[in-house]
>>> print(open('input06.txt').read())   # compact mmCIF, C-alpha atoms
# COMPACT_ATOMS: atom_id res chain seq x y z
CA MET A 1 0.00 0.00 0.00
CA GLU A 2 2.85 2.40 0.73
CA LEU A 3 4.30 1.79 -2.76
CA GLU A 4 0.90 2.29 -4.34
CA GLU A 5 0.49 5.57 -2.50
CA ILE A 6 3.87 7.00 -3.54
CA TYR A 7 3.20 6.02 -7.16
CA ARG A 8 -0.20 7.70 -6.90
CA GLU A 9 1.51 10.87 -5.69
CA LEU A 10 3.72 10.64 -8.79
CA GLY A 11 0.67 10.53 -11.04
CA ILE A 12 0.42 6.78 -11.68
CA SER A 13 -3.09 5.37 -11.47
CA ARG A 14 -3.81 2.11 -9.71
CA GLU A 15 -4.76 0.47 -13.02
CA VAL A 16 -1.49 1.41 -14.74
CA LEU A 17 0.57 0.38 -11.71
CA HIS A 18 -1.08 -3.05 -11.46
CA PHE A 19 -0.68 -3.55 -15.22
CA GLY A 20 3.04 -2.84 -14.86
CA ASP A 21 3.40 -5.04 -11.78
CA ALA A 22 1.90 -8.01 -13.65
CA ILE A 23 4.40 -7.50 -16.48
CA GLU A 24 7.32 -7.21 -14.04
CA ALA A 25 6.35 -10.41 -12.24
CA GLY A 26 6.89 -12.35 -15.45
CA LEU A 27 10.40 -11.02 -15.99
CA LYS A 28 12.12 -12.45 -12.91
CA GLU A 29 14.32 -14.95 -14.76
CA ARG A 30 15.42 -12.44 -17.39
CA PHE A 31 16.30 -9.90 -14.73
CA GLU A 32 18.36 -12.52 -12.87
CA ALA A 33 20.33 -13.24 -16.06
CA ILE A 34 21.02 -9.51 -16.49
CA ASP A 35 22.31 -9.34 -12.91
CA LEU A 36 24.72 -12.24 -13.57
CA ASN A 37 26.14 -10.44 -16.61
CA ALA A 38 26.47 -7.26 -14.55
CA GLU A 39 28.38 -9.17 -11.88
CA TYR A 40 30.80 -10.55 -14.47
CA ASN A 41 31.36 -7.12 -16.04
CA GLN A 42 31.76 -5.52 -12.62
CA MET A 43 34.57 -7.95 -11.83
CA LYS A 44 36.14 -7.29 -15.24
CA VAL A 45 36.24 -3.53 -14.64
CA LEU A 46 37.45 -3.98 -11.06
CA LYS A 47 40.30 -6.22 -12.20
CA ALA A 48 41.33 -3.67 -14.82
CA MET A 49 41.49 -0.98 -12.13
CA GLN A 50 43.47 -3.18 -9.76
CA ASP A 51 45.89 -4.25 -12.49
CA ALA A 52 46.48 -0.58 -13.37
CA ARG A 53 47.11 0.16 -9.67
CA VAL A 54 44.56 2.98 -9.49
CA SER A 55 45.22 5.29 -6.52
CA ASP A 56 43.70 8.50 -5.21
CA ILE A 57 46.65 10.39 -6.68
CA HIS A 58 45.09 9.67 -10.06
CA PHE A 59 42.12 11.89 -9.17
CA ALA A 60 44.27 15.05 -9.03
CA ALA A 61 43.41 17.81 -11.50
CA THR A 62 45.72 19.09 -14.21
CA THR A 63 45.35 22.27 -16.24
CA GLY A 64 46.88 23.91 -19.27
CA TYR A 65 48.70 21.50 -21.55
CA GLY A 66 48.21 18.57 -19.19
CA TYR A 67 51.70 17.18 -19.60
CA ASN A 68 52.44 14.17 -17.38
CA ASP A 69 48.82 13.74 -16.32
CA LEU A 70 49.23 10.47 -14.44
CA GLY A 71 45.50 10.10 -13.79
CA ARG A 72 44.59 10.55 -17.45
CA ASP A 73 47.22 8.04 -18.57
CA THR A 74 46.12 5.51 -15.95
CA LEU A 75 42.47 5.93 -16.90
CA GLU A 76 43.39 5.12 -20.49
CA GLU A 77 45.31 2.08 -19.30
CA VAL A 78 42.20 0.93 -17.40
CA TYR A 79 40.01 1.32 -20.50
CA ALA A 80 42.51 -0.62 -22.61
CA LYS A 81 42.59 -3.43 -20.04
CA ALA A 82 38.82 -3.53 -19.51
CA PHE A 83 38.18 -3.76 -23.25
CA HIS A 84 41.13 -6.13 -23.85
CA ALA A 85 42.83 -3.74 -26.25
CA GLU A 86 46.33 -2.33 -26.77
CA SER A 87 45.63 1.37 -26.25
CA ALA A 88 42.94 3.91 -25.44
CA LEU A 89 42.11 7.58 -25.84
CA VAL A 90 39.68 8.69 -23.10
CA ARG A 91 39.26 12.46 -22.93
CA PRO A 92 36.88 15.24 -21.89
CA GLN A 93 38.02 16.92 -25.12
CA LEU A 94 36.03 14.25 -27.01
CA ILE A 95 32.74 16.04 -26.56
CA SER A 96 30.28 13.49 -27.95
CA GLY A 97 30.01 10.11 -29.58
CA THR A 98 29.79 11.77 -33.00
CA HIS A 99 32.94 13.78 -32.26
CA ALA A 100 34.81 10.65 -31.13
CA LEU A 101 33.75 8.85 -34.32
CA HIS A 102 34.88 11.81 -36.43
CA VAL A 103 38.28 11.85 -34.71
CA ALA A 104 38.69 8.09 -35.18
CA LEU A 105 37.69 8.25 -38.85
CA SER A 106 39.56 11.37 -39.89
CA GLY A 107 42.67 10.27 -37.98
CA ASN A 108 42.85 6.97 -39.85
CA LEU A 109 41.63 7.94 -43.33
CA ARG A 110 43.55 9.84 -45.99
CA PRO A 111 42.58 11.47 -49.32
CA GLY A 112 41.83 8.75 -51.84
CA ASP A 113 40.75 6.21 -49.22
CA GLU A 114 37.28 4.73 -49.17
CA LEU A 115 35.07 4.18 -46.14
CA LEU A 116 32.63 1.26 -46.27
CA SER A 117 29.56 0.65 -44.12
CA PRO A 118 28.42 -2.97 -44.57
CA VAL A 119 25.45 -2.48 -42.22
CA GLY A 120 23.50 0.16 -44.12
CA LYS A 121 23.09 3.86 -43.42
CA PRO A 122 24.85 5.14 -40.31
CA TYR A 123 23.24 7.20 -37.55
CA ASP A 124 21.93 10.59 -38.71
CA THR A 125 24.66 12.76 -37.17
CA LEU A 126 27.36 10.74 -38.97
CA GLU A 127 25.87 11.53 -42.38
CA GLU A 128 27.38 15.03 -42.34
CA VAL A 129 30.69 13.76 -40.94
CA ILE A 130 30.97 11.41 -43.92
CA GLY A 131 29.45 13.77 -46.48
CA ILE A 132 26.35 11.74 -47.32
CA ARG A 133 24.63 15.03 -46.61
CA GLU A 134 26.78 17.94 -47.76
CA SER A 135 28.50 19.65 -44.86
CA VAL A 136 31.53 21.86 -44.35
CA GLY A 137 34.57 19.85 -43.23
CA SER A 138 33.15 16.43 -44.11
CA LEU A 139 35.36 13.50 -45.05
CA LYS A 140 34.04 13.88 -48.58
CA GLU A 141 35.54 17.39 -48.78
CA TYR A 142 38.91 15.86 -47.90
CA GLY A 143 38.75 13.32 -50.71
CA VAL A 144 37.49 10.31 -48.76
CA SER A 145 34.84 8.39 -50.69
CA TYR A 146 32.02 6.39 -49.13
CA ARG A 147 30.20 3.22 -50.01
CA GLN A 148 27.53 1.28 -48.16
CA VAL A 149 25.90 -2.12 -48.41
CA ASP A 150 22.42 -2.34 -46.95
CA LEU A 151 21.35 -5.20 -44.75
CA LEU A 152 19.12 -7.85 -46.31
CA PRO A 153 15.35 -7.56 -45.66
CA ASP A 154 15.64 -10.01 -42.76
CA GLY A 155 18.29 -7.83 -41.09
CA THR A 156 21.26 -10.09 -41.89
CA PHE A 157 24.49 -9.15 -43.66
CA ASP A 158 24.57 -9.12 -47.46
CA TYR A 159 27.88 -10.96 -47.65
CA GLU A 160 27.81 -11.28 -51.44
CA ASN A 161 27.60 -7.53 -52.03
CA ILE A 162 29.96 -6.73 -49.15
CA ALA A 163 32.61 -8.82 -50.89
CA LYS A 164 31.95 -6.95 -54.15
CA ALA A 165 32.16 -3.56 -52.40
CA ILE A 166 35.64 -4.15 -50.93
CA ASN A 167 38.24 -2.81 -53.37
CA ASP A 168 41.77 -1.39 -53.54
CA LYS A 169 40.62 1.91 -52.04
CA THR A 170 38.77 0.38 -49.08
CA LYS A 171 40.71 1.51 -46.01
CA LEU A 172 38.22 1.39 -43.14
CA ILE A 173 35.04 -0.54 -42.40
CA THR A 174 32.61 1.16 -40.01
CA ILE A 175 30.13 -1.06 -38.18
CA GLN A 176 27.36 0.57 -36.18
CA ARG A 177 26.37 -1.80 -33.37
CA SER A 178 23.16 -0.07 -32.31
CA LYS A 179 20.13 0.55 -34.50
CA GLY A 180 20.02 4.35 -34.35
CA TYR A 181 16.78 5.71 -35.82
CA ASP A 182 16.30 2.51 -37.79
CA PRO A 183 14.09 -0.52 -37.14
CA ARG A 184 16.91 -2.93 -38.02
CA PRO A 185 18.23 -5.27 -35.30
CA THR A 186 21.07 -4.22 -33.03
CA LEU A 187 24.12 -6.35 -33.81
CA SER A 188 25.39 -8.86 -31.28
CA VAL A 189 29.11 -8.96 -30.60
CA LYS A 190 29.16 -12.50 -32.04
CA LEU A 191 27.68 -11.29 -35.34
CA ILE A 192 30.09 -8.35 -35.43
CA GLY A 193 32.97 -10.81 -35.00
CA GLU A 194 31.71 -12.93 -37.89
CA LEU A 195 31.48 -9.85 -40.13
CA ILE A 196 34.99 -8.71 -39.18
CA ALA A 197 36.41 -12.18 -39.88
CA PHE A 198 34.72 -12.20 -43.31
CA VAL A 199 36.10 -8.76 -44.19
CA LYS A 200 39.61 -9.53 -42.91
CA LYS A 201 39.72 -12.71 -45.00
CA ILE A 202 39.16 -10.61 -48.12
CA LYS A 203 41.45 -7.72 -47.12
CA PRO A 204 43.48 -8.39 -43.93
CA GLU A 205 44.92 -4.87 -43.68
CA VAL A 206 41.54 -3.09 -43.63
CA ILE A 207 40.72 -1.28 -40.37
CA CYS A 208 37.50 -2.44 -38.74
CA MET A 209 35.92 0.19 -36.47
CA VAL A 210 32.80 -0.38 -34.37
CA ASP A 211 30.51 2.40 -33.19
CA ASN A 212 29.96 0.84 -29.76
CA CYS A 213 27.52 3.47 -28.43
CA TYR A 214 24.80 2.04 -26.16
CA GLY A 215 26.40 -1.41 -26.23
CA GLU A 216 29.10 -1.34 -23.55
CA PHE A 217 28.68 -3.96 -20.80
CA VAL A 218 25.40 -5.28 -22.21
CA GLU A 219 27.19 -8.52 -23.06
CA ARG A 220 30.20 -10.15 -21.42
CA ILE A 221 32.39 -9.52 -24.47
CA GLU A 222 33.04 -6.39 -26.52
CA PRO A 223 33.89 -5.96 -30.23
CA THR A 224 37.60 -5.71 -29.35
CA ASP A 225 37.34 -9.31 -28.14
CA VAL A 226 36.30 -10.44 -31.63
CA GLY A 227 38.77 -8.61 -33.88
CA ALA A 228 37.72 -4.94 -33.98
CA ASP A 229 40.69 -2.61 -34.53
CA MET A 230 38.86 0.29 -32.90
CA ILE A 231 35.72 0.76 -30.83
CA VAL A 232 34.28 4.19 -30.17
CA GLY A 233 31.76 5.54 -27.69
CA SER A 234 30.55 8.36 -25.46
CA LEU A 235 31.11 8.74 -21.74
CA ILE A 236 27.65 10.22 -21.26
CA LYS A 237 26.29 6.88 -22.40
CA ASN A 238 27.04 3.48 -20.86
CA PRO A 239 30.69 3.67 -19.73
CA GLY A 240 30.31 6.96 -17.88
CA GLY A 241 27.89 5.34 -15.45
CA GLY A 242 25.91 8.58 -15.15
CA LEU A 243 28.80 10.35 -13.41
CA ALA A 244 30.93 11.48 -16.35
CA PRO A 245 29.82 15.03 -17.24
CA ILE A 246 31.38 14.92 -20.74
CA GLY A 247 33.80 12.86 -22.76
CA GLY A 248 34.33 10.05 -25.23
CA TYR A 249 36.63 7.12 -25.81
CA ILE A 250 38.44 5.38 -28.64
CA VAL A 251 39.95 2.00 -27.76
CA GLY A 252 41.89 -0.42 -29.94
CA LYS A 253 45.16 -1.05 -31.76
CA THR A 254 48.00 1.28 -30.78
CA GLU A 255 48.59 2.49 -34.34
CA CYS A 256 44.94 3.42 -34.81
CA ILE A 257 44.69 5.16 -31.43
CA ASP A 258 47.87 7.14 -32.00
CA LYS A 259 46.59 8.40 -35.36
CA ALA A 260 43.29 9.41 -33.76
CA SER A 261 45.18 11.26 -31.01
CA TYR A 262 47.11 13.31 -33.59
CA ARG A 263 43.80 14.38 -35.07
CA LEU A 264 42.34 15.23 -31.65
CA SER A 265 45.29 17.39 -30.58
CA ALA A 266 47.94 18.06 -33.25
CA PRO A 267 50.57 16.16 -35.26
CA GLY A 268 53.58 15.51 -33.04
CA LEU A 269 51.59 16.03 -29.82
CA GLY A 270 49.00 13.26 -29.81
CA LYS A 271 48.23 11.70 -26.42
CA GLU A 272 50.91 13.70 -24.58
CA ILE A 273 48.68 16.72 -24.01
CA GLY A 274 45.14 17.33 -22.83
CA ALA A 275 44.41 18.36 -19.25
CA SER A 276 41.89 16.28 -17.30
CA LEU A 277 40.58 19.38 -15.46
CA GLY A 278 39.61 17.51 -12.30
CA LEU A 279 37.29 15.08 -14.09
CA ASN A 280 39.30 11.92 -13.57
CA GLN A 281 37.50 10.81 -10.41
CA SER A 282 34.13 11.04 -12.18
CA PHE A 283 35.53 9.07 -15.12
CA PHE A 284 37.02 6.33 -12.93
CA GLN A 285 33.99 6.07 -10.65
CA GLY A 286 31.53 6.22 -13.54
CA LEU A 287 33.29 3.34 -15.28
CA PHE A 288 33.27 1.38 -12.02
CA LEU A 289 29.49 1.85 -11.66
CA SER A 290 28.73 1.32 -15.33
CA PRO A 291 27.95 -2.44 -15.30
CA THR A 292 25.31 -1.93 -12.59
CA VAL A 293 23.83 1.14 -14.25
CA VAL A 294 23.68 -0.62 -17.62
CA ALA A 295 21.87 -3.54 -15.95
CA GLY A 296 19.16 -1.18 -14.68
CA ALA A 297 18.78 0.37 -18.12
CA LEU A 298 18.50 -3.08 -19.72
CA LYS A 299 15.75 -4.07 -17.31
CA GLY A 300 13.91 -0.87 -18.21
CA ALA A 301 14.20 -1.61 -21.94
CA ILE A 302 12.88 -5.16 -21.53
CA PHE A 303 10.05 -3.91 -19.31
CA ALA A 304 9.11 -1.32 -21.95
CA ALA A 305 9.09 -3.93 -24.71
CA ASN A 306 6.79 -6.21 -22.74
CA VAL A 307 4.44 -3.39 -21.72
CA TYR A 308 3.96 -1.94 -25.18
CA GLU A 309 3.94 -5.23 -27.07
CA LYS A 310 1.10 -6.44 -24.84
CA LEU A 311 -0.82 -3.29 -25.76
CA GLY A 312 -0.46 -4.11 -29.47
CA PHE A 313 2.33 -1.76 -30.50
CA SER A 314 5.27 -2.86 -32.64
CA VAL A 315 8.48 -2.97 -30.57
CA ALA A 316 12.10 -3.64 -31.50
CA PRO A 317 13.63 -5.71 -30.04
CA ASN A 318 10.48 -7.66 -29.23
CA SER A 319 9.59 -8.79 -25.73
CA THR A 320 11.60 -12.04 -25.86
CA GLU A 321 14.63 -11.26 -28.06
CA SER A 322 18.18 -11.23 -26.70
CA ARG A 323 19.61 -7.76 -25.98
CA HIS A 324 22.74 -6.21 -27.43
CA ASP A 325 22.23 -2.54 -26.50
CA ILE A 326 20.08 -0.54 -24.09
CA ILE A 327 17.75 1.00 -26.70
CA GLN A 328 14.09 0.08 -27.02
CA ALA A 329 12.10 1.21 -30.05
CA VAL A 330 8.32 1.51 -29.93
CA THR A 331 6.37 2.35 -33.09
CA PHE A 332 3.18 4.31 -32.48
CA GLY A 333 2.30 5.19 -36.07
CA THR A 334 1.17 8.69 -35.09
CA PRO A 335 3.02 11.83 -34.02
CA GLU A 336 0.65 12.14 -31.05
CA GLY A 337 1.84 8.79 -29.67
CA VAL A 338 5.50 9.78 -29.90
CA VAL A 339 4.84 13.13 -28.19
CA ALA A 340 2.75 11.58 -25.38
CA PHE A 341 5.41 8.95 -24.70
CA CYS A 342 8.21 11.54 -24.52
CA GLN A 343 6.14 13.81 -22.30
CA GLY A 344 5.64 10.89 -19.91
CA ILE A 345 9.37 10.19 -19.76
CA GLN A 346 10.08 13.87 -19.11
CA ALA A 347 7.45 13.99 -16.35
CA ALA A 348 9.24 11.12 -14.58
CA ALA A 349 12.58 12.95 -14.50
CA PRO A 350 14.38 14.25 -11.38
CA VAL A 351 15.44 17.34 -13.35
CA ASP A 352 13.02 19.51 -15.39
CA SER A 353 10.06 17.22 -14.72
CA PHE A 354 7.79 20.25 -15.16
CA VAL A 355 8.96 20.83 -18.74
CA SER A 356 6.89 19.54 -21.68
CA PRO A 357 9.12 18.47 -24.61
CA GLU A 358 8.17 19.50 -28.14
CA PRO A 359 9.68 18.61 -31.55
CA TRP A 360 12.40 20.95 -32.85
CA ASP A 361 14.84 21.24 -35.74
CA MET A 362 17.91 19.78 -34.06
CA PRO A 363 21.28 20.23 -35.81
CA GLY A 364 22.47 17.09 -37.60
CA TYR A 365 19.00 15.65 -38.33
CA ASP A 366 16.84 15.77 -41.48
CA ALA A 367 13.51 16.03 -39.64
CA PRO A 368 12.26 17.64 -36.42
CA VAL A 369 13.23 15.59 -33.38
CA ILE A 370 11.55 15.36 -29.99
CA MET A 371 13.73 14.61 -27.01
CA ALA A 372 12.81 13.88 -23.41
CA ALA A 373 15.77 14.09 -21.08
CA GLY A 374 15.44 15.45 -17.57
CA ALA A 375 19.05 14.59 -16.86
CA PHE A 376 21.79 15.68 -14.47
CA VAL A 377 24.11 15.83 -17.51
CA GLN A 378 22.77 17.54 -20.62
CA GLY A 379 22.18 14.98 -23.36
CA SER A 380 23.13 12.02 -21.16
CA SER A 381 21.36 9.02 -22.66
CA ILE A 382 22.43 6.56 -19.97
CA GLU A 383 20.02 8.61 -17.87
CA LEU A 384 16.30 8.12 -18.45
CA SER A 385 15.62 9.53 -21.90
CA ALA A 386 13.60 9.09 -25.07
CA ASP A 387 13.72 10.65 -28.48
CA GLY A 388 12.58 10.18 -32.05
CA PRO A 389 12.31 11.88 -35.42
CA MET A 390 8.89 13.27 -36.27
CA LYS A 391 8.41 11.32 -39.47
CA PRO A 392 6.81 7.98 -40.42
CA PRO A 393 6.61 5.38 -39.00
CA TYR A 394 6.61 7.61 -35.88
CA ALA A 395 8.77 5.46 -33.66
CA VAL A 396 10.24 6.53 -30.33
CA TYR A 397 13.55 5.31 -28.95
CA PHE A 398 13.76 4.83 -25.20
CA GLN A 399 16.94 4.24 -23.25
CA GLY A 400 18.65 4.67 -19.92
CA GLY A 401 17.72 5.02 -16.31
CA LEU A 402 20.46 5.22 -13.68
CA THR A 403 18.43 2.74 -11.63
CA TRP A 404 15.89 0.11 -12.61
CA TYR A 405 13.31 1.78 -10.37
CA HIS A 406 13.60 5.05 -12.22
CA ALA A 407 13.37 3.30 -15.60
CA LYS A 408 10.23 1.55 -14.39
CA LEU A 409 8.65 4.83 -13.32
CA GLY A 410 9.47 6.36 -16.71
CA ILE A 411 7.67 3.60 -18.59
CA LEU A 412 4.67 3.72 -16.25
CA LYS A 413 4.50 7.51 -16.65
CA SER A 414 4.69 7.23 -20.45
CA LEU A 415 1.89 4.67 -20.38
CA GLN A 416 -0.18 6.91 -18.12
CA LYS A 417 0.13 9.77 -20.62
CA LEU A 418 -1.00 7.52 -23.47
CA VAL A 419 -3.92 6.12 -21.47
CA ASP A 420 -5.04 9.59 -20.41
CA ALA A 421 -4.94 10.75 -24.06
CA ASN A 422 -6.91 7.68 -25.20
CA LEU A 423 -3.95 6.57 -27.32
CA ALA A 424 -3.65 3.24 -25.47
CA LYS A 425 -6.11 1.00 -23.64
CA LEU A 426 -5.22 -1.41 -20.86
>>> encode(input="input06.txt", output="structure tokens")
Amino acid sequence: MELEEIYRELGISREVLHFGDAIEAGLKERFEAIDLNAEYNQMKVLKAMQDARVSDIHFAATTGYGYNDLGRDTLEEVYAKAFHAESALVRPQLISGTHALHVALSGNLRPGDELLSPVGKPYDTLEEVIGIRESVGSLKEYGVSYRQVDLLPDGTFDYENIAKAINDKTKLITIQRSKGYDPRPTLSVKLIGELIAFVKKIKPEVICMVDNCYGEFVERIEPTDVGADMIVGSLIKNPGGGLAPIGGYIVGKTECIDKASYRLSAPGLGKEIGASLGLNQSFFQGLFLSPTVVAGALKGAIFAANVYEKLGFSVAPNSTESRHDIIQAVTFGTPEGVVAFCQGIQAAAPVDSFVSPEPWDMPGYDAPVIMAAGAFVQGSSIELSADGPMKPPYAVYFQGGLTWYHAKLGILKSLQKLVDANLAKL
């Protein structure tokens, strides 16, 4: 009764709460499996920190050029160890996942090279980086060509056409793990490994880079465990654990990381400069908490899939599929459904819960986008958030929640908004 009362005070009706409770009761075994993965990944991160001999001296701030920043260098050692890679670039100067991807790409590609995506169109913000959509400073402007091979209708790799697309100019293969604003399946690490092995058999020297955003610590292995030369991500997503206020990472082969570092700073300087500005403790502690935080977000995504699938909406992944990132897509088919869902997520937030999100022309996108994110860190999508482009099929993409309980409230609140607007019936 006490729980029912506090949910009532938060605007959740008894009917919606009981509907959610019935769904949750059927997810016990799946939640236990998520907790076992989180325990494994927690031990993996802890061992990396112990092996790197992390100490409180590594939390000290540096300024200016940041020469001899012991904390920064040790943090990068921890990332390399945790992801079983040779080297890492983990910096507050990498301001987003898109920026980290741009640094990784432009650092390792040269005029005349070709970039290949064998998994279809990349995430919207990367289109201008590549030059698919004309933009100042794109790779296309610097003489880097682009080719893509779409997935087959069933979401599998088109190996025949991938083989045909690889040529003398192919320098780098980019593999986006998560779905982005696309209904295609998120790629498992196993499938990514199979694709990399196929590509390397045709052209061993090609660089295979994985956009790992939203996928870290969802599985027990990462793309660097199955042959990826580089993986790239954002610290205000999974690996920042909700504590990192900014930052990105590039992890992989030393040669690739060094080239990326020369693009981030300057030729001849590379990883030697870049002050940590007192952020190291947040970066270390966020990484330490990340496996547990990701587990809560995963539970929220599975809960959302089961709730909305039972109500008759199309969801991806579906309610029973295995999970390879923290994103849950729900297709409403109407703009009103997308807006109501996002307004419910916003209303469940600890920050700006009183704000009502509306679609807007966000830079980097080809349609108005609505975003719900009452977060402690602006744009942090490991925190409870939802967003979607305002165009058919009118799907919303839900992710995050620093705790399972908050993710649960967000889904219940979104459902309450839809029920109140007669857009869903229990």
>>> closest_residue(input="input06.txt", among="A:Gly120, A:Gly97, A:Gly107, A:Pro350", to="A:Ser265", atoms="all atoms listed in the file")
A:Gly107
>>> closest_atom_pairs(input="input06.txt", of="stretch 114-225 of chain A", to="stretch 319-341 of chain A", cutoff="10 Å", atoms="all atoms listed in the file", output="Markdown table")
| residue | atom | partner | partner_atom | distance |
| --- | --- | --- | --- | --- |
| A:Arg177 | CA | A:Asp325 | CA | 8.1 |
| A:Ser178 | CA | A:Asp325 | CA | 6.4 |
| A:Lys179 | CA | A:Ile327 | CA | 8.2 |
| A:Gly180 | CA | A:Ile327 | CA | 8.7 |
| A:Tyr181 | CA | A:Ala329 | CA | 8.7 |
| A:Asp182 | CA | A:Ala329 | CA | 8.9 |
| A:Pro183 | CA | A:Ala329 | CA | 7.6 |
| A:Pro185 | CA | A:His324 | CA | 9.1 |
| A:Thr186 | CA | A:His324 | CA | 6.2 |
| A:Leu187 | CA | A:His324 | CA | 6.5 |
| A:Ser188 | CA | A:His324 | CA | 5.4 |
| A:Val189 | CA | A:His324 | CA | 7.6 |
| A:Asn212 | CA | A:Asp325 | CA | 9.0 |
| A:Cys213 | CA | A:Asp325 | CA | 8.2 |
| A:Tyr214 | CA | A:Asp325 | CA | 5.3 |
| A:Gly215 | CA | A:Asp325 | CA | 4.3 |
| A:Glu216 | CA | A:Asp325 | CA | 7.6 |
| A:Phe217 | CA | A:Asp325 | CA | 8.7 |
| A:Val218 | CA | A:His324 | CA | 5.9 |
| A:Glu219 | CA | A:His324 | CA | 6.7 |
>>> atom_distance(input="input06.txt", atom1="atom CA of A:Leu89", atom2="atom CA of A:Thr254")
9.9 Å
>>> atom_distance(input="input06.txt", atom1="atom CA of A:Leu279", atom2="atom CA of A:Met362")
28.2 Å
>>> closest_residue(input="input06.txt", among="A:Phe398, A:Tyr405, A:Tyr308, A:Tyr159", to="A:Leu418", atoms="all atoms listed in the file")
A:Tyr308
